[in-house]
Amino acid sequence: MKIQRIQLAMLRVPLKTPFKTALRTVTAVEDVVVIVTTDTGHVGYGEAPPTAVITGDTHGSIIEAIGKVIGPRLIGQEVADLNRLTGLIQGAMENNFSAKAALEIAVYDLWGQLYGAPLYKLLGGGDPVVTTDITISVDYIDKMVADSVAAVERGFAALKIKVGKDMGVDIERVKAIHAAVEGRALLRLDANQGWTAKQAVKAMHALEDAGVHLELLEQPVKAKDIEGLKYVTDRVDTPVMADESVFGPAEVIDLIRRRAADIINIKLMKTGGISNAIRIADIAGMHGIECMIGCMLETSISVAAAVHVAVAKANVITKVDLDGPSLCAFNPVDGGVIFNESEITVTDAPGLGIREIRGLEPIA
């Protein structure tokens, strides 16, 4: 099975409600989809969202990177030679992680199809059912409380609360949500780089002293402020998770050496795809560090790939934040992973199992 053609398309899916963080507000998923076809007629799919404020990727950079730089290297290559393919993708250019991730996802999809097995089984196997949290966007307190209660009533047992815009209001937001859902859901706090290290410590001490139990605090400080991250980790009882501070394996090793965080958030769009995500999980596992697997604003194409990784590496990836498809107004994908509110189930279809994607707009 050889790669014969690589095509690109746009996929636009409105969100049920606007997605608001300390960094941005988004009303629809608008992602680049990569379609890789082989000489045997098999098709592999990948996806890349533009997340300029986090990864630096835009629609234009993703399209140019895949179409002009990375993609041409893969034409004529054997799908069975997976290590060579991922090496070509990762070595084609610096950064451009989301573009690399989209191609890697499509290649791994084809690799699974080549051997007639779902991807998670080829990566090591596992229980093909995982449970995700759901994001509560930063908003007025009453709105966030209402959204949290509604999510619990829909069956979500873990809520990821977005804060980071105003520390004083943030504390009140979290207290109100905790009071509304106490005992019914775990609370995960995501500051999205919105606080300074001292603000984060002050906020967490206020919450901890008020009896608010949080499962974790995610990325309270700026991505490059590793000393600030360590400052917070050393001074609060709540486990601290690194997200934007960690993209690849080298950063994970540095973070572990410096003991700057308790948990690592893996996202395929940060790691450049599945190969580095697996490396990060293995490194973390060697050092007894837990991981979460998360996503950007993605549909069930690339999120499906993350689910396969989560299943295969469940001994290390103990927390799942793959609610992208749940935030979408509809699922444009037929086949593949089944997303049913908080429960995500992987089928035994080969590769990612995607049969069709509705609404694709070809990119010339």
# chains A, B, ... in the order shown; residues from 1 in each chain; ligands from 1

$ residues_around --residues "segment 27-38 of chain A" --least-positions-apart "2" --cutoff "6 Å" --atoms "only C-alpha atoms" --output "ChimeraX atom specification"
/A:2-15,18,40-49

$ residues_around --residues "Gly335 of chain A" --least-positions-apart "3" --cutoff "12 Å" --atoms "only C-alpha atoms" --output "MDAnalysis selection string"
chainID A and resid 300:301 304 331:332 338:339 345:358

$ residues_around --residues "Asp170 of chain A" --least-positions-apart "6" --cutoff "9 Å" --atoms "only C-alpha atoms" --output "list in words"
Val138, Ile141, Lys162, Val163, Gly164 and Ala203 of chain A

$ closest_residue --among "A:His178, A:Arg84, A:Arg184, A:His308" --to "Leu268 of chain A" --atoms "only C-alpha atoms"
A:His308

$ select_by_dssp --residues "segment 49-224 of chain A" --states "alpha helix (DSSP H)" --output "number ranges by chain"
A: 59-64, 71-74, 82-91, 97-114, 119-122, 141-153, 167-181, 197-209

$ residues_around --residues "Gly155 of chain A" --least-positions-apart "4" --cutoff "8 Å" --atoms "only C-alpha atoms" --output "ChimeraX atom specification"
/A:151,341-342

$ write_last_selection --atoms "N, CA and C atoms" --output "PDB file, in the first residue's frame"
ATOM      1  N   ALA A 151     -24.629  20.225  32.504  1.00  0.00           N
ATOM      2  CA  ALA A 151     -23.662  19.197  32.107  1.00  0.00           C
ATOM      3  C   ALA A 151     -23.751  17.971  33.028  1.00  0.00           C
ATOM      4  N   GLU A 341     -22.179  11.832  24.614  1.00  0.00           N
ATOM      5  CA  GLU A 341     -21.996  12.671  25.793  1.00  0.00           C
ATOM      6  C   GLU A 341     -20.648  12.365  26.451  1.00  0.00           C
ATOM      7  N   SER A 342     -20.637  11.919  27.707  1.00  0.00           N
ATOM      8  CA  SER A 342     -19.366  11.695  28.394  1.00  0.00           C
ATOM      9  C   SER A 342     -18.705  10.379  28.022  1.00  0.00           C
TER      10      SER A 342
END

$ residues_around --residues "Ser61 of chain A" --least-positions-apart "6" --cutoff "9 Å" --atoms "only C-alpha atoms" --output "mmCIF file with all heavy atoms, in the first residue's frame"
data_model
loop_
_atom_site.group_PDB
_atom_site.id
_atom_site.type_symbol
_atom_site.label_atom_id
_atom_site.label_comp_id
_atom_site.auth_asym_id
_atom_site.auth_seq_id
_atom_site.Cartn_x
_atom_site.Cartn_y
_atom_site.Cartn_z
ATOM 1 N N PRO A 50 -6.963 25.669 13.326
ATOM 2 C CA PRO A 50 -6.095 26.841 13.466
ATOM 3 C C PRO A 50 -6.151 27.339 14.905
ATOM 4 O O PRO A 50 -7.219 27.693 15.405
ATOM 5 C CB PRO A 50 -6.724 27.850 12.502
ATOM 6 C CG PRO A 50 -8.177 27.496 12.514
ATOM 7 C CD PRO A 50 -8.260 26.010 12.728
ATOM 8 N N ASN A 96 5.048 24.022 13.150
ATOM 9 C CA ASN A 96 3.898 23.602 12.336
ATOM 10 C C ASN A 96 3.310 22.291 12.857
ATOM 11 O O ASN A 96 3.047 21.354 12.105
ATOM 12 C CB ASN A 96 4.295 23.482 10.856
ATOM 13 C CG ASN A 96 4.546 24.819 10.222
ATOM 14 O OD1 ASN A 96 3.649 25.475 9.707
ATOM 15 N ND2 ASN A 96 5.805 25.258 10.288
ATOM 16 N N ALA A 99 -0.216 20.927 11.506
ATOM 17 C CA ALA A 99 -0.113 20.377 10.152
ATOM 18 C C ALA A 99 0.508 18.984 10.195
ATOM 19 O O ALA A 99 0.039 18.048 9.525
ATOM 20 C CB ALA A 99 0.724 21.301 9.273
#

$ atom_distance --atom1 "atom CA of Leu119 of chain A" --atom2 "atom CA of Ala314 of chain A"
14.2 Å

$ closest_residue --among "A:Leu82, A:Leu23, A:Met1, A:Val316" --to "Gly194 of chain A" --atoms "only C-alpha atoms"
A:Leu23

$ closest_residue --among "A:Leu216, A:Leu88, A:Ala281, A:Val232" --to "Lys313 of chain A" --atoms "only C-alpha atoms"
A:Ala281

$ residues_around --residues "Ile280 of chain A" --least-positions-apart "5" --cutoff "10 Å" --atoms "only C-alpha atoms" --output "list of chain:residue names"
A:Val246, A:Phe247, A:Gly248, A:Pro249, A:Ala250, A:Glu251, A:Val252, A:Ile253, A:Ile264, A:Asn265, A:Ile266, A:Thr271, A:Ile274, A:Ser275, A:Gly285, A:Met286, A:Cys291, A:Val316

$ closest_residue --among "A:Leu255, A:Ala179, A:Val201, A:Ala206" --to "Asp234 of chain A" --atoms "only C-alpha atoms"
A:Val201

$ residues_around --residues "Ala92 of chain A" --least-positions-apart "3" --cutoff "7 Å" --atoms "only C-alpha atoms" --output "PyMOL selection string"
chain A and resi 69-70+88-89

$ write_last_selection --atoms "N, CA and C atoms" --output "CSV table (one decimal), in the first residue's frame"
chain,number,residue,atom,x,y,z
A,69,VAL,N,5.2,21.6,1.6
A,69,VAL,CA,6.4,21.1,2.2
A,69,VAL,C,6.4,19.7,2.7
A,70,ILE,N,5.4,19.3,3.5
A,70,ILE,CA,5.4,18.0,4.2
A,70,ILE,C,4.8,17.0,3.2
A,88,LEU,N,9.7,11.4,8.3
A,88,LEU,CA,9.6,12.4,7.2
A,88,LEU,C,8.7,13.6,7.5
A,89,ILE,N,7.6,13.2,8.2
A,89,ILE,CA,6.7,14.3,8.6
A,89,ILE,C,7.4,15.2,9.6

$ select_by_dssp --residues "segment 141-319 of chain A" --states "strand (DSSP E)" --output "PyMOL selection string"
chain A and resi 158-162+186-190+216-218+240-242+263-267+290-294+317-319

$ write_last_selection --atoms "N, CA and C atoms" --output "tab-separated table (two decimals), in the first residue's frame"
chain	number	residue	atom	x	y	z
A	158	ALA	N	-17.21	15.01	35.33
A	158	ALA	CA	-16.06	15.89	35.52
A	158	ALA	C	-16.26	17.14	34.67
A	159	LEU	N	-16.03	18.30	35.26
A	159	LEU	CA	-16.20	19.57	34.58
A	159	LEU	C	-14.87	20.29	34.52
A	160	LYS	N	-14.53	20.80	33.34
A	160	LYS	CA	-13.31	21.59	33.17
A	160	LYS	C	-13.73	23.06	33.09
A	161	ILE	N	-13.44	23.80	34.16
A	161	ILE	CA	-13.93	25.17	34.30
A	161	ILE	C	-12.87	26.15	33.79
A	162	LYS	N	-13.25	26.95	32.82
A	162	LYS	CA	-12.34	27.96	32.27
A	162	LYS	C	-12.38	29.23	33.12
A	186	LEU	N	-16.44	16.01	39.55
A	186	LEU	CA	-15.09	16.50	39.82
A	186	LEU	C	-14.90	17.83	39.11
A	187	LEU	N	-14.15	18.72	39.72
A	187	LEU	CA	-13.90	20.03	39.12
A	187	LEU	C	-12.44	20.16	38.74
A	188	ARG	N	-12.20	20.49	37.48
A	188	ARG	CA	-10.87	20.73	36.96
A	188	ARG	C	-10.80	22.19	36.54
A	189	LEU	N	-9.82	22.92	37.04
A	189	LEU	CA	-9.73	24.36	36.80
A	189	LEU	C	-8.68	24.65	35.74
A	190	ASP	N	-9.06	25.36	34.68
A	190	ASP	CA	-8.13	25.70	33.59
A	190	ASP	C	-8.01	27.22	33.49
A	216	LEU	N	-7.57	19.31	39.80
A	216	LEU	CA	-6.32	19.83	39.26
A	216	LEU	C	-6.48	21.29	38.87
A	217	LEU	N	-5.33	21.96	38.73
A	217	LEU	CA	-5.25	23.32	38.20
A	217	LEU	C	-4.38	23.27	36.95
A	218	GLU	N	-4.95	23.70	35.83
A	218	GLU	CA	-4.25	23.60	34.55
A	218	GLU	C	-3.66	24.93	34.11
A	240	VAL	N	-1.00	20.45	39.97
A	240	VAL	CA	-0.88	21.42	38.88
A	240	VAL	C	-0.54	20.67	37.58
A	241	MET	N	-1.25	21.02	36.51
A	241	MET	CA	-1.04	20.38	35.22
A	241	MET	C	-0.46	21.36	34.21
A	242	ALA	N	0.57	20.94	33.50
A	242	ALA	CA	1.16	21.73	32.43
A	242	ALA	C	0.47	21.42	31.11
A	263	ILE	N	1.14	16.94	36.62
A	263	ILE	CA	0.43	16.25	35.55
A	263	ILE	C	0.79	16.91	34.23
A	264	ILE	N	0.78	16.13	33.15
A	264	ILE	CA	1.09	16.66	31.81
A	264	ILE	C	-0.11	16.45	30.90
A	265	ASN	N	-0.49	17.52	30.20
A	265	ASN	CA	-1.60	17.44	29.25
A	265	ASN	C	-1.05	17.21	27.84
A	266	ILE	N	-1.38	16.06	27.27
A	266	ILE	CA	-0.97	15.71	25.92
A	266	ILE	C	-2.06	16.12	24.93
A	267	LYS	N	-1.68	16.83	23.89
A	267	LYS	CA	-2.60	17.14	22.79
A	267	LYS	C	-1.88	16.85	21.48
A	290	GLU	N	1.34	11.25	35.94
A	290	GLU	CA	0.07	11.04	35.24
A	290	GLU	C	-0.05	12.01	34.05
A	291	CYS	N	-0.86	11.61	33.09
A	291	CYS	CA	-1.15	12.47	31.95
A	291	CYS	C	-2.65	12.61	31.74
A	292	MET	N	-3.02	13.73	31.18
A	292	MET	CA	-4.35	13.91	30.61
A	292	MET	C	-4.17	13.94	29.10
A	293	ILE	N	-5.18	13.51	28.35
A	293	ILE	CA	-5.15	13.74	26.91
A	293	ILE	C	-6.29	14.70	26.58
A	294	GLY	N	-5.94	15.76	25.85
A	294	GLY	CA	-6.91	16.79	25.54
A	294	GLY	C	-6.96	17.07	24.05
A	317	ILE	N	-2.30	7.68	30.84
A	317	ILE	CA	-3.31	8.71	30.55
A	317	ILE	C	-4.55	8.40	31.37
A	318	THR	N	-4.60	8.99	32.56
A	318	THR	CA	-5.66	8.68	33.52
A	318	THR	C	-6.82	9.66	33.47
A	319	LYS	N	-6.66	10.76	32.72
A	319	LYS	CA	-7.70	11.77	32.62
A	319	LYS	C	-7.93	12.10	31.15

$ closest_residue --among "A:Gln219, A:Val169, A:Gly91, A:Leu123" --to "Arg279 of chain A" --atoms "only C-alpha atoms"
A:Leu123

$ atom_distance --atom1 "atom CA of Ala65 of chain A" --atom2 "atom CA of Glu104 of chain A"
13.3 Å

$ atom_distance --atom1 "atom CA of Ile62 of chain A" --atom2 "atom CA of Glu78 of chain A"
23.6 Å
